[in-house]
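> Data file query-v4.cif (mmCIF, C-alpha atoms) is appended below.
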data_model
#
loop_
_atom_site.group_PDB
_atom_site.id
_atom_site.type_symbol
_atom_site.label_atom_id
_atom_site.label_comp_id
_atom_site.auth_asym_id
_atom_site.auth_seq_id
_atom_site.Cartn_x
_atom_site.Cartn_y
_atom_site.Cartn_z
ATOM 1 C CA VAL A 1 96.681 102.283 80.971
ATOM 2 C CA VAL A 2 98.736 102.814 84.122
ATOM 3 C CA SER A 3 97.794 105.907 86.065
ATOM 4 C CA THR A 4 100.558 108.214 87.241
ATOM 5 C CA GLN A 5 100.567 110.034 90.548
ATOM 6 C CA SER A 6 101.636 113.655 90.582
ATOM 7 C CA THR A 7 104.590 114.651 92.737
ATOM 8 C CA GLY A 8 102.247 116.604 94.983
ATOM 9 C CA LYS A 9 99.969 113.601 95.448
ATOM 10 C CA MET A 10 102.912 111.339 96.296
ATOM 11 C CA ASP A 11 104.272 113.870 98.803
ATOM 12 C CA LEU A 12 100.862 114.098 100.464
ATOM 13 C CA ASN A 13 100.499 110.324 100.621
ATOM 14 C CA ILE A 14 103.983 109.963 102.114
ATOM 15 C CA LYS A 15 102.925 112.313 104.923
ATOM 16 C CA ILE A 16 99.647 110.444 105.430
ATOM 17 C CA ALA A 17 101.515 107.120 105.455
ATOM 18 C CA SER A 18 103.917 108.361 108.139
ATOM 19 C CA GLN A 19 100.998 109.449 110.317
ATOM 20 C CA LEU A 20 99.349 106.060 109.865
ATOM 21 C CA VAL A 21 102.528 104.228 110.870
ATOM 22 C CA ARG A 22 102.912 106.405 113.967
ATOM 23 C CA SER A 23 99.284 105.824 114.982
ATOM 24 C CA ALA A 24 99.404 102.043 114.512
ATOM 25 C CA ASP A 25 98.893 99.552 117.305
ATOM 26 C CA ALA A 26 100.149 96.793 115.015
ATOM 27 C CA ILE A 27 101.675 96.600 111.539
ATOM 28 C CA ILE A 28 101.598 93.851 108.936
ATOM 29 C CA PHE A 29 104.251 94.127 106.241
ATOM 30 C CA THR A 30 102.999 92.300 103.147
ATOM 31 C CA SER A 31 105.556 91.957 100.378
ATOM 32 C CA GLY A 32 106.093 90.635 96.883
ATOM 33 C CA ALA A 33 109.063 90.403 94.557
ATOM 34 C CA GLY A 34 109.223 94.181 94.059
ATOM 35 C CA LEU A 35 110.591 94.572 97.587
ATOM 36 C CA GLY A 36 113.799 92.814 96.535
ATOM 37 C CA VAL A 37 114.600 95.092 93.589
ATOM 38 C CA ALA A 38 116.808 97.366 95.702
ATOM 39 C CA SER A 39 118.793 94.272 96.748
ATOM 40 C CA GLY A 40 119.500 93.564 93.090
ATOM 41 C CA LEU A 41 116.831 90.879 92.688
ATOM 42 C CA GLY A 42 114.520 90.651 89.684
ATOM 43 C CA THR A 43 110.740 90.614 89.873
ATOM 44 C CA PHE A 44 110.405 88.029 87.035
ATOM 45 C CA ARG A 45 107.712 90.222 85.480
ATOM 46 C CA GLY A 46 107.191 93.909 84.862
ATOM 47 C CA ILE A 47 109.675 96.760 84.658
ATOM 48 C CA ASN A 48 112.299 95.113 86.887
ATOM 49 C CA SER A 49 112.034 91.600 85.506
ATOM 50 C CA GLY A 50 115.169 89.514 85.404
ATOM 51 C CA VAL A 51 115.807 85.828 85.851
ATOM 52 C CA TRP A 52 118.022 83.001 84.599
ATOM 53 C CA PRO A 53 119.352 84.142 81.149
ATOM 54 C CA PRO A 54 119.028 80.723 79.393
ATOM 55 C CA LEU A 55 115.233 80.914 79.711
ATOM 56 C CA THR A 56 115.052 83.575 77.015
ATOM 57 C CA GLN A 57 117.493 81.718 74.790
ATOM 58 C CA LEU A 58 115.523 78.469 75.135
ATOM 59 C CA GLY A 59 112.102 80.068 74.833
ATOM 60 C CA ILE A 60 110.981 78.805 78.249
ATOM 61 C CA ASN A 61 108.875 81.102 80.423
ATOM 62 C CA PHE A 62 109.470 81.557 84.125
ATOM 63 C CA GLN A 63 106.245 79.841 85.153
ATOM 64 C CA ASP A 64 107.048 76.687 83.199
ATOM 65 C CA MET A 65 110.600 76.583 84.565
ATOM 66 C CA SER A 66 109.468 77.139 88.140
ATOM 67 C CA ASN A 67 107.763 73.753 88.162
ATOM 68 C CA PRO A 68 108.749 70.620 90.123
ATOM 69 C CA LYS A 69 108.482 68.462 86.993
ATOM 70 C CA TRP A 70 112.108 69.279 86.155
ATOM 71 C CA PHE A 71 113.393 67.355 89.178
ATOM 72 C CA THR A 72 112.088 64.136 87.612
ATOM 73 C CA LYS A 73 112.204 65.077 83.918
ATOM 74 C CA ASP A 74 115.712 66.590 83.854
ATOM 75 C CA PRO A 75 117.085 67.256 87.375
ATOM 76 C CA ASN A 76 120.440 68.525 86.063
ATOM 77 C CA PHE A 77 118.642 71.223 84.070
ATOM 78 C CA GLY A 78 116.207 71.944 86.884
ATOM 79 C CA TRP A 79 118.939 72.357 89.461
ATOM 80 C CA ALA A 80 120.918 74.687 87.186
ATOM 81 C CA PHE A 81 117.934 77.051 87.295
ATOM 82 C CA TRP A 82 117.442 76.749 91.041
ATOM 83 C CA GLN A 83 121.150 77.182 91.755
ATOM 84 C CA PHE A 84 121.006 80.497 89.896
ATOM 85 C CA ARG A 85 118.079 81.624 92.037
ATOM 86 C CA TYR A 86 119.660 80.345 95.249
ATOM 87 C CA LYS A 87 122.943 82.152 94.585
ATOM 88 C CA SER A 88 121.130 85.348 93.556
ATOM 89 C CA TYR A 89 119.073 85.430 96.747
ATOM 90 C CA THR A 90 121.649 84.264 99.290
ATOM 91 C CA GLY A 91 124.401 86.285 97.638
ATOM 92 C CA SER A 92 122.543 89.561 98.108
ATOM 93 C CA ASP A 93 122.011 91.379 101.380
ATOM 94 C CA PRO A 94 118.674 92.751 102.604
ATOM 95 C CA HIS A 95 118.608 96.425 101.676
ATOM 96 C CA GLU A 96 118.214 99.405 103.992
ATOM 97 C CA GLY A 97 114.431 99.227 103.789
ATOM 98 C CA TYR A 98 114.468 96.117 105.965
ATOM 99 C CA ARG A 99 116.409 98.021 108.635
ATOM 100 C CA ILE A 100 113.802 100.774 108.524
ATOM 101 C CA MET A 101 110.928 98.318 108.892
ATOM 102 C CA ASN A 102 112.726 96.535 111.731
ATOM 103 C CA LYS A 103 113.081 99.898 113.457
ATOM 104 C CA TRP A 104 109.354 100.584 113.157
ATOM 105 C CA ALA A 105 108.564 97.105 114.470
ATOM 106 C CA ASN A 106 110.850 97.582 117.462
ATOM 107 C CA GLN A 107 109.387 101.020 118.185
ATOM 108 C CA LEU A 108 105.937 99.452 118.416
ATOM 109 C CA LEU A 109 107.180 96.923 120.958
ATOM 110 C CA THR A 110 109.105 99.420 123.067
ATOM 111 C CA THR A 111 106.491 102.191 123.144
ATOM 112 C CA LYS A 112 102.940 100.943 122.798
ATOM 113 C CA LYS A 113 103.734 97.453 124.130
ATOM 114 C CA LEU A 114 100.944 95.993 122.076
ATOM 115 C CA LEU A 115 101.161 93.383 119.358
ATOM 116 C CA GLY A 116 104.127 94.563 117.358
ATOM 117 C CA SER A 117 104.305 93.505 113.729
ATOM 118 C CA PHE A 118 104.200 90.554 111.343
ATOM 119 C CA SER A 119 105.662 89.935 107.885
ATOM 120 C CA VAL A 120 103.623 88.084 105.257
ATOM 121 C CA THR A 121 105.663 87.569 102.098
ATOM 122 C CA SER A 122 105.564 85.629 98.855
ATOM 123 C CA ASN A 123 109.321 86.064 98.529
ATOM 124 C CA ILE A 124 111.457 82.949 98.906
ATOM 125 C CA ASP A 125 114.767 84.744 99.517
ATOM 126 C CA GLY A 126 114.762 84.529 103.324
ATOM 127 C CA HIS A 127 115.660 88.229 103.553
ATOM 128 C CA TRP A 128 113.165 89.008 106.308
ATOM 129 C CA GLU A 129 114.826 86.660 108.786
ATOM 130 C CA ALA A 130 118.306 87.505 107.478
ATOM 131 C CA SER A 131 117.592 91.181 108.229
ATOM 132 C CA GLY A 132 116.959 90.427 111.910
ATOM 133 C CA PHE A 133 113.163 90.335 111.835
ATOM 134 C CA ASP A 134 111.694 88.019 114.473
ATOM 135 C CA PRO A 135 111.429 84.567 112.778
ATOM 136 C CA ASN A 136 108.297 83.858 114.828
ATOM 137 C CA ARG A 137 106.649 86.843 113.131
ATOM 138 C CA ILE A 138 107.254 85.763 109.522
ATOM 139 C CA PHE A 139 104.873 83.897 107.209
ATOM 140 C CA GLU A 140 106.568 82.884 103.937
ATOM 141 C CA VAL A 141 103.518 81.831 101.943
ATOM 142 C CA HIS A 142 105.556 80.197 99.152
ATOM 143 C CA GLY A 143 108.268 78.695 101.347
ATOM 144 C CA SER A 144 111.975 79.514 101.289
ATOM 145 C CA LEU A 145 115.025 78.621 99.223
ATOM 146 C CA ARG A 146 116.926 78.314 102.487
ATOM 147 C CA PHE A 147 115.142 75.009 103.191
ATOM 148 C CA MET A 148 115.011 71.687 101.331
ATOM 149 C CA GLN A 149 112.823 68.609 100.980
ATOM 150 C CA CYS A 150 112.817 65.332 99.032
ATOM 151 C CA ALA A 151 111.663 65.707 95.417
ATOM 152 C CA PHE A 152 110.045 62.271 95.479
ATOM 153 C CA GLU A 153 107.331 60.648 97.550
ATOM 154 C CA CYS A 154 109.625 58.748 99.897
ATOM 155 C CA LYS A 155 109.034 58.315 103.619
ATOM 156 C CA ASN A 156 111.096 61.393 104.394
ATOM 157 C CA THR A 157 108.606 64.189 104.986
ATOM 158 C CA ASN A 158 111.193 66.282 106.795
ATOM 159 C CA ILE A 159 112.250 69.784 105.844
ATOM 160 C CA TRP A 160 115.886 70.668 106.464
ATOM 161 C CA PRO A 161 118.068 73.785 106.145
ATOM 162 C CA THR A 162 119.781 74.133 102.776
ATOM 163 C CA ILE A 163 123.447 73.164 102.960
ATOM 164 C CA ASP A 164 125.285 75.804 100.965
ATOM 165 C CA SER A 165 128.132 73.519 99.905
ATOM 166 C CA GLU A 166 125.647 71.169 98.203
ATOM 167 C CA ILE A 167 124.461 73.958 95.897
ATOM 168 C CA GLN A 168 127.954 74.862 94.629
ATOM 169 C CA PHE A 169 128.017 72.316 91.783
ATOM 170 C CA TYR A 170 129.318 73.293 88.362
ATOM 171 C CA VAL A 171 126.845 74.312 85.642
ATOM 172 C CA ASP A 172 128.016 73.724 82.092
ATOM 173 C CA PRO A 173 127.361 76.974 80.148
ATOM 174 C CA LEU A 174 127.001 75.066 76.874
ATOM 175 C CA THR A 175 124.316 72.649 78.042
ATOM 176 C CA ASN A 176 122.902 74.774 80.899
ATOM 177 C CA LYS A 177 122.970 71.649 83.044
ATOM 178 C CA ALA A 178 124.332 71.064 86.524
ATOM 179 C CA GLN A 179 127.008 68.440 86.941
ATOM 180 C CA GLU A 180 126.839 65.731 89.578
ATOM 181 C CA PRO A 181 126.688 65.403 92.492
ATOM 182 C CA LEU A 182 123.320 67.067 92.959
ATOM 183 C CA PRO A 183 121.621 67.541 96.356
ATOM 184 C CA LYS A 184 120.103 64.282 97.578
ATOM 185 C CA CYS A 185 117.545 63.171 100.140
ATOM 186 C CA SER A 186 119.321 61.585 103.097
ATOM 187 C CA GLN A 187 116.697 58.833 103.404
ATOM 188 C CA CYS A 188 116.038 57.594 99.852
ATOM 189 C CA ASN A 189 119.151 59.061 98.156
ATOM 190 C CA GLN A 190 117.051 60.501 95.349
ATOM 191 C CA ILE A 191 117.116 64.137 94.245
ATOM 192 C CA SER A 192 116.105 66.762 96.799
ATOM 193 C CA ARG A 193 114.575 70.118 95.924
ATOM 194 C CA PRO A 194 113.937 73.531 97.494
ATOM 195 C CA ASN A 195 111.067 73.660 99.971
ATOM 196 C CA VAL A 196 109.358 76.194 97.718
ATOM 197 C CA LEU A 197 105.784 76.119 96.461
ATOM 198 C CA MET A 198 106.175 76.052 92.680
ATOM 199 C CA PHE A 199 103.645 76.198 89.859
ATOM 200 C CA GLY A 200 101.713 72.939 89.475
ATOM 201 C CA ASP A 201 103.263 71.709 92.707
ATOM 202 C CA PHE A 202 101.528 68.778 94.398
ATOM 203 C CA GLY A 203 104.622 67.516 96.210
ATOM 204 C CA PHE A 204 105.369 70.600 98.299
ATOM 205 C CA ILE A 205 105.721 69.760 102.000
ATOM 206 C CA SER A 206 103.898 72.549 103.797
ATOM 207 C CA ASP A 207 104.657 71.728 107.446
ATOM 208 C CA ARG A 208 107.010 74.661 107.918
ATOM 209 C CA ILE A 209 104.743 77.319 106.430
ATOM 210 C CA ASP A 210 101.710 75.731 108.124
ATOM 211 C CA SER A 211 103.356 76.481 111.478
ATOM 212 C CA GLN A 212 104.086 80.020 110.336
ATOM 213 C CA GLU A 213 100.495 80.479 109.214
ATOM 214 C CA ASN A 214 99.131 79.216 112.526
ATOM 215 C CA ARG A 215 101.225 81.775 114.414
ATOM 216 C CA TYR A 216 100.024 84.474 112.013
ATOM 217 C CA LEU A 217 96.345 83.575 112.412
ATOM 218 C CA ASN A 218 96.659 83.468 116.209
ATOM 219 C CA TRP A 219 98.259 86.912 116.092
ATOM 220 C CA LEU A 220 95.421 88.207 113.912
ATOM 221 C CA ASN A 221 92.914 86.873 116.431
ATOM 222 C CA GLN A 222 94.625 88.927 119.134
ATOM 223 C CA ILE A 223 94.402 91.998 116.888
ATOM 224 C CA LYS A 224 90.658 91.528 116.558
ATOM 225 C CA SER A 225 90.009 90.696 120.212
ATOM 226 C CA GLN A 226 91.806 93.866 121.333
ATOM 227 C CA ASN A 227 90.222 96.026 118.614
ATOM 228 C CA ALA A 228 93.742 97.143 117.748
ATOM 229 C CA ARG A 229 94.443 99.739 115.056
ATOM 230 C CA LEU A 230 96.041 97.679 112.264
ATOM 231 C CA ILE A 231 98.084 99.201 109.455
ATOM 232 C CA VAL A 232 99.078 97.076 106.446
ATOM 233 C CA ILE A 233 102.154 98.192 104.511
ATOM 234 C CA GLU A 234 102.259 96.403 101.166
ATOM 235 C CA LEU A 235 105.524 96.511 99.236
ATOM 236 C CA GLY A 236 106.166 95.506 95.637
ATOM 237 C CA ALA A 237 103.217 93.153 95.198
ATOM 238 C CA GLY A 238 102.113 92.834 91.574
ATOM 239 C CA LYS A 239 98.972 91.601 89.877
ATOM 240 C CA ALA A 240 100.314 88.621 87.894
ATOM 241 C CA VAL A 241 100.146 86.371 90.975
ATOM 242 C CA PRO A 242 97.993 88.524 93.270
ATOM 243 C CA THR A 243 98.324 86.469 96.463
ATOM 244 C CA ILE A 244 99.821 89.296 98.483
ATOM 245 C CA ARG A 245 97.551 92.021 97.114
ATOM 246 C CA LEU A 246 94.482 89.950 97.951
ATOM 247 C CA THR A 247 95.855 89.250 101.435
ATOM 248 C CA SER A 248 96.329 92.974 102.049
ATOM 249 C CA GLU A 249 92.860 93.850 100.816
ATOM 250 C CA SER A 250 91.214 91.057 102.816
ATOM 251 C CA LEU A 251 92.567 92.631 106.002
ATOM 252 C CA ILE A 252 90.656 95.834 105.225
ATOM 253 C CA ARG A 253 87.476 93.764 105.294
ATOM 254 C CA SER A 254 88.268 91.407 108.175
ATOM 255 C CA HIS A 255 90.156 93.702 110.564
ATOM 256 C CA SER A 256 89.240 97.229 109.441
ATOM 257 C CA ALA A 257 92.884 97.662 108.517
ATOM 258 C CA ILE A 258 94.208 100.682 106.662
ATOM 259 C CA LEU A 259 96.391 99.814 103.668
ATOM 260 C CA ILE A 260 99.499 101.644 102.492
ATOM 261 C CA ARG A 261 100.182 100.234 99.004
ATOM 262 C CA ILE A 262 103.675 100.944 97.641
ATOM 263 C CA ASN A 263 104.384 99.990 94.030
ATOM 264 C CA PRO A 264 105.986 101.829 91.096
ATOM 265 C CA VAL A 265 103.377 100.442 88.653
ATOM 266 C CA ASP A 266 100.527 98.534 90.310
ATOM 267 C CA HIS A 267 99.866 101.128 92.989
ATOM 268 C CA ASP A 268 96.095 101.440 92.531
ATOM 269 C CA ILE A 269 93.651 100.591 95.299
ATOM 270 C CA PRO A 270 90.211 99.259 94.235
ATOM 271 C CA MET A 271 87.410 101.810 94.428
ATOM 272 C CA ARG A 272 85.474 99.673 96.911
ATOM 273 C CA TYR A 273 88.150 100.526 99.496
ATOM 274 C CA GLU A 274 88.243 104.265 98.784
ATOM 275 C CA ASN A 275 86.544 105.043 102.120
ATOM 276 C CA SER A 276 88.898 102.843 104.164
ATOM 277 C CA GLY A 277 91.484 105.582 104.649
ATOM 278 C CA SER A 278 93.999 103.592 102.581
ATOM 279 C CA VAL A 279 96.658 105.338 100.485
ATOM 280 C CA SER A 280 98.840 104.372 97.538
ATOM 281 C CA ILE A 281 102.356 105.501 96.737
ATOM 282 C CA GLN A 282 103.671 105.098 93.189
ATOM 283 C CA MET A 283 107.274 104.512 94.090
ATOM 284 C CA ASP A 284 109.968 101.892 94.580
ATOM 285 C CA SER A 285 109.748 100.234 97.997
ATOM 286 C CA LEU A 286 113.098 101.410 99.352
ATOM 287 C CA GLU A 287 112.622 104.997 98.203
ATOM 288 C CA ALA A 288 109.169 105.164 99.768
ATOM 289 C CA LEU A 289 110.315 103.617 103.052
ATOM 290 C CA LYS A 290 113.109 106.170 103.351
ATOM 291 C CA LEU A 291 110.751 109.079 102.723
ATOM 292 C CA ILE A 292 108.140 107.779 105.167
ATOM 293 C CA ASP A 293 110.873 107.318 107.767
ATOM 294 C CA GLU A 294 112.054 110.902 107.261
ATOM 295 C CA GLU A 295 108.523 112.131 107.940
ATOM 296 C CA LEU A 296 108.169 109.789 110.918
ATOM 297 C CA ASN A 297 111.207 111.354 112.530
ATOM 298 C CA LYS A 298 109.271 114.629 112.657
ATOM 299 C CA ILE A 299 106.351 113.060 114.563
ATOM 300 C CA PRO A 300 106.737 112.541 118.332
ATOM 301 C CA ILE A 301 106.494 108.970 119.596
ATOM 302 C CA THR A 302 103.712 108.546 122.122
ATOM 303 C CA ASN A 303 104.143 105.965 124.851
ATOM 304 C CA ASN A 304 101.111 103.796 125.513
ATOM 305 C CA ASN A 305 102.163 100.704 127.410
ATOM 306 C CA THR A 306 98.947 100.045 129.268
ATOM 307 C CA ASN A 307 97.998 96.998 127.214
ATOM 308 C CA ASN A 308 101.037 94.746 127.214
ATOM 309 C CA THR A 309 100.460 91.360 125.561
ATOM 310 C CA ASN A 310 104.074 90.437 124.934
#
Rewrite the structure from the file as structure tokens, please.


Amino acid sequence: VVSTQSTGKMDLNIKIASQLVRSADAIIFTSGAGLGVASGLGTFRGINSGVWPPLTQLGINFQDMSNPKWFTKDPNFGWAFWQFRYKSYTGSDPHEGYRIMNKWANQLLTTKKLLGSFSVTSNIDGHWEASGFDPNRIFEVHGSLRFMQCAFECKNTNIWPTIDSEIQFYVDPLTNKAQEPLPKCSQCNQISRPNVLMFGDFGFISDRIDSQENRYLNWLNQIKSQNARLIVIELGAGKAVPTIRLTSESLIRSHSAILIRINPVDHDIPMRYENSGSVSIQMDSLEALKLIDEELNKIPITNNNTNNTN
């Protein structure tokens, strides 16, 4: 049974959330697929689910389709699926919520001069960087569709930017298969694939996200060493693959962070964190961000630039 917040409770939590954002020394934005709903992207599960239509017709679930086996078993079918996802993600623009979060991040840097913000996301759409967020402050835990790698174990362990023209192949609507030529590895000339961590994926090349993670962990160490007030704003992270939710909650334990959990369904915060000062908002990400921003505009910005680490 999903609990429902009253309007009064949501209004109160919006006000509390705005005060938390204003008081923050640093902010981590953690996000799952629900953040992209306002950009027209599906969550693959739950109330806003939506993915490649042939999956339903063929009786294939999303988890089985999002598996690297297709690049060896039937690459034309596999690439038809990934072209759909690529076009959906790159063909949509980051919504207004990203602009709002960028504004909050920039306000931190220009007023308190502390550690600013970081984005930790399971989304593979590349919308954080596309929105203007500092690429050195992004950790894409599942990789990004905007980068490619070889689908086979050749000597090419490189990761390269996706070339848009290579993903514009024709997909036959009768067979649901992509027509040649498909994207190829420049070294072995075999099929290439998105640099995305899929289900059952033992061939994912993690160098790019390893570098992102190292920057993130170094930043977290600075947070702890300065005893900075850390606020975590979690957006659209569900329970089916709880990577992001667990990341958010772990920061309560490790860095005494305060969590703002925004989700229209899975908005609950475990009882063991009820004394952490954390709040939940049962709302779509964009709607909540707008309302928090409206409240923030009523709160004066205090300037505290005595501890500049940038």

> Hey, can you check how far CA of Asn106 (chain A) sits from CA of Pro161 (chain A)?

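Between CA of Asn106 (chain A) and CA of Pro161 (chain A) the gap is 27.3 Å.
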
> May I have the residues within 6 Å of region 139-145 of chain A as number ranges by chain, using all atoms listed in the file and disregarding those fewer than 4 positions away in the same chain?

A: 120-122, 124, 194-197, 212-213

> As a PyMOL selection string, please: the residues near Ser285 (chain A) (cut-off 10 Å, only C-alpha atoms, same-chain neighbours under 2 positions excluded).

chain A and resi 31+34-38+97+234-236+261-264+281-283+287-290

> Would you translate the PyMOL selection byres ((chain A and resi 88) around 12) into the concrete set of residues it matches in this file, as a list of chain:residue names?

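Applied to this file, the PyMOL selection byres ((chain A and resi 88) around 12) returns A:Gly36, A:Val37, A:Ser39, A:Gly40, A:Leu41, A:Gly42, A:Gly50, A:Val51, A:Trp52, A:Phe81, A:Trp82, A:Gln83, A:Phe84, A:Arg85, A:Tyr86, A:Lys87, A:Tyr89, A:Thr90, A:Gly91, A:Ser92, A:Asp93, A:Pro94, A:Ile124, A:Asp125, A:Gly126, A:His127, A:Leu145.
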
> When distances are computed from all atoms listed in the file, which of A:Ile223, A:Ala17, A:Cys185, A:Val265 shows the smallest separation from Ser117 (chain A)?

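Distance minimum relative to Ser117 (chain A) lands on A:Ile223.
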
> For each of A:Trp104, A:Leu20, A:Lys15, A:Arg193, take the minimum atom-to-atom distance to Ser66 (chain A), counting all atoms listed in the file, then give the residue where this is smallest.

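The closest residue to Ser66 (chain A) is A:Arg193.
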
> Using the chain letters and numbers from the file, which residues does the PyMOL selection byres ((chain A and resi 219) around 12) grab, as a ChimeraX atom specification?

/A:26-28,114-119,136-139,212-218,220-226,228,230,255,309-310

> Quick check, in Å to one decimal: how far apart do CA of Lys298 (chain A) and CA of Ser23 (chain A) lie?

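These two atoms are separated by 13.5 Å.
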
> Report as an MDAnalysis selection string all protein, DNA and RNA residues lying within 9 Å of Arg99 (chain A), evaluated on all atoms listed in the file, omitting residues in the same chain fewer than 4 positions from it.

chainID A and resid 94:95 103:104 131:133

> Run the PyMOL selection byres ((chain A and resi 238) around 9) against the file shown and list the residues it catches, as a PyMOL selection string.

chain A and resi 32-34+45-46+236-237+239-245+263+265-267

> Export C-alpha atoms of the chosen residues as a compact mmCIF listing (two decimals), keeping the file's coordinate frame?


# COMPACT_ATOMS: atom_id res chain seq x y z
CA GLY A 32 106.09 90.64 96.88
CA ALA A 33 109.06 90.40 94.56
CA GLY A 34 109.22 94.18 94.06
CA ARG A 45 107.71 90.22 85.48
CA GLY A 46 107.19 93.91 84.86
CA GLY A 236 106.17 95.51 95.64
CA ALA A 237 103.22 93.15 95.20
CA LYS A 239 98.97 91.60 89.88
CA ALA A 240 100.31 88.62 87.89
CA VAL A 241 100.15 86.37 90.98
CA PRO A 242 97.99 88.52 93.27
CA THR A 243 98.32 86.47 96.46
CA ILE A 244 99.82 89.30 98.48
CA ARG A 245 97.55 92.02 97.11
CA ASN A 263 104.38 99.99 94.03
CA VAL A 265 103.38 100.44 88.65
CA ASP A 266 100.53 98.53 90.31
CA HIS A 267 99.87 101.13 92.99

> Using Å and a single decimal, report how far CA of Cys150 (chain A) sits from CA of Asp164 (chain A).

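Between these atoms lies a distance of 16.4 Å.
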
> Which polymer residues have any atom within 9 Å of an atom of Leu251 (chain A), counting only C-alpha atoms, with same-chain residues fewer than 6 positions away left out, as an MDAnalysis selection string?

chainID A and resid 230 232 257:259

> What's around Lys184 (chain A) at 10 Å? Count all atoms listed in the file, leave out sequence neighbours fewer than 3 positions away in its own chain, and write the answer as number ranges by chain.

A: 148-151, 166, 181, 187-193

> Just add all heavy atoms to region 238-243 of chain A and send it as a compact mmCIF listing (two decimals), in the coordinates of the input.


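What follows is the written file result_21.txt:
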# COMPACT_ATOMS: atom_id res chain seq x y z
N GLY A 238 102.72 92.62 92.89
CA GLY A 238 102.11 92.83 91.57
C GLY A 238 100.81 92.08 91.39
O GLY A 238 100.33 91.40 92.30
N LYS A 239 100.28 92.18 90.17
CA LYS A 239 98.97 91.60 89.88
C LYS A 239 99.04 90.25 89.17
O LYS A 239 98.03 89.55 89.09
CB LYS A 239 98.18 92.58 88.99
CG LYS A 239 97.83 93.89 89.68
CD LYS A 239 97.07 94.81 88.74
CE LYS A 239 96.68 96.11 89.42
NZ LYS A 239 95.96 97.02 88.51
N ALA A 240 100.21 89.87 88.65
CA ALA A 240 100.31 88.62 87.89
C ALA A 240 99.96 87.42 88.75
O ALA A 240 99.20 86.54 88.34
CB ALA A 240 101.72 88.46 87.31
N VAL A 241 100.53 87.36 89.95
CA VAL A 241 100.15 86.37 90.98
C VAL A 241 99.73 87.20 92.19
O VAL A 241 100.57 87.59 92.99
CB VAL A 241 101.31 85.42 91.33
CG1 VAL A 241 100.86 84.40 92.37
CG2 VAL A 241 101.81 84.70 90.07
N PRO A 242 98.44 87.49 92.33
CA PRO A 242 97.99 88.52 93.27
C PRO A 242 97.82 88.07 94.72
O PRO A 242 97.08 88.70 95.47
CB PRO A 242 96.66 88.97 92.67
CG PRO A 242 96.12 87.71 92.05
CD PRO A 242 97.32 86.97 91.51
N THR A 243 98.49 87.01 95.11
CA THR A 243 98.32 86.47 96.46
C THR A 243 98.47 87.54 97.54
O THR A 243 97.62 87.66 98.44
CB THR A 243 99.36 85.35 96.72
OG1 THR A 243 99.29 84.39 95.66
CG2 THR A 243 99.09 84.67 98.05
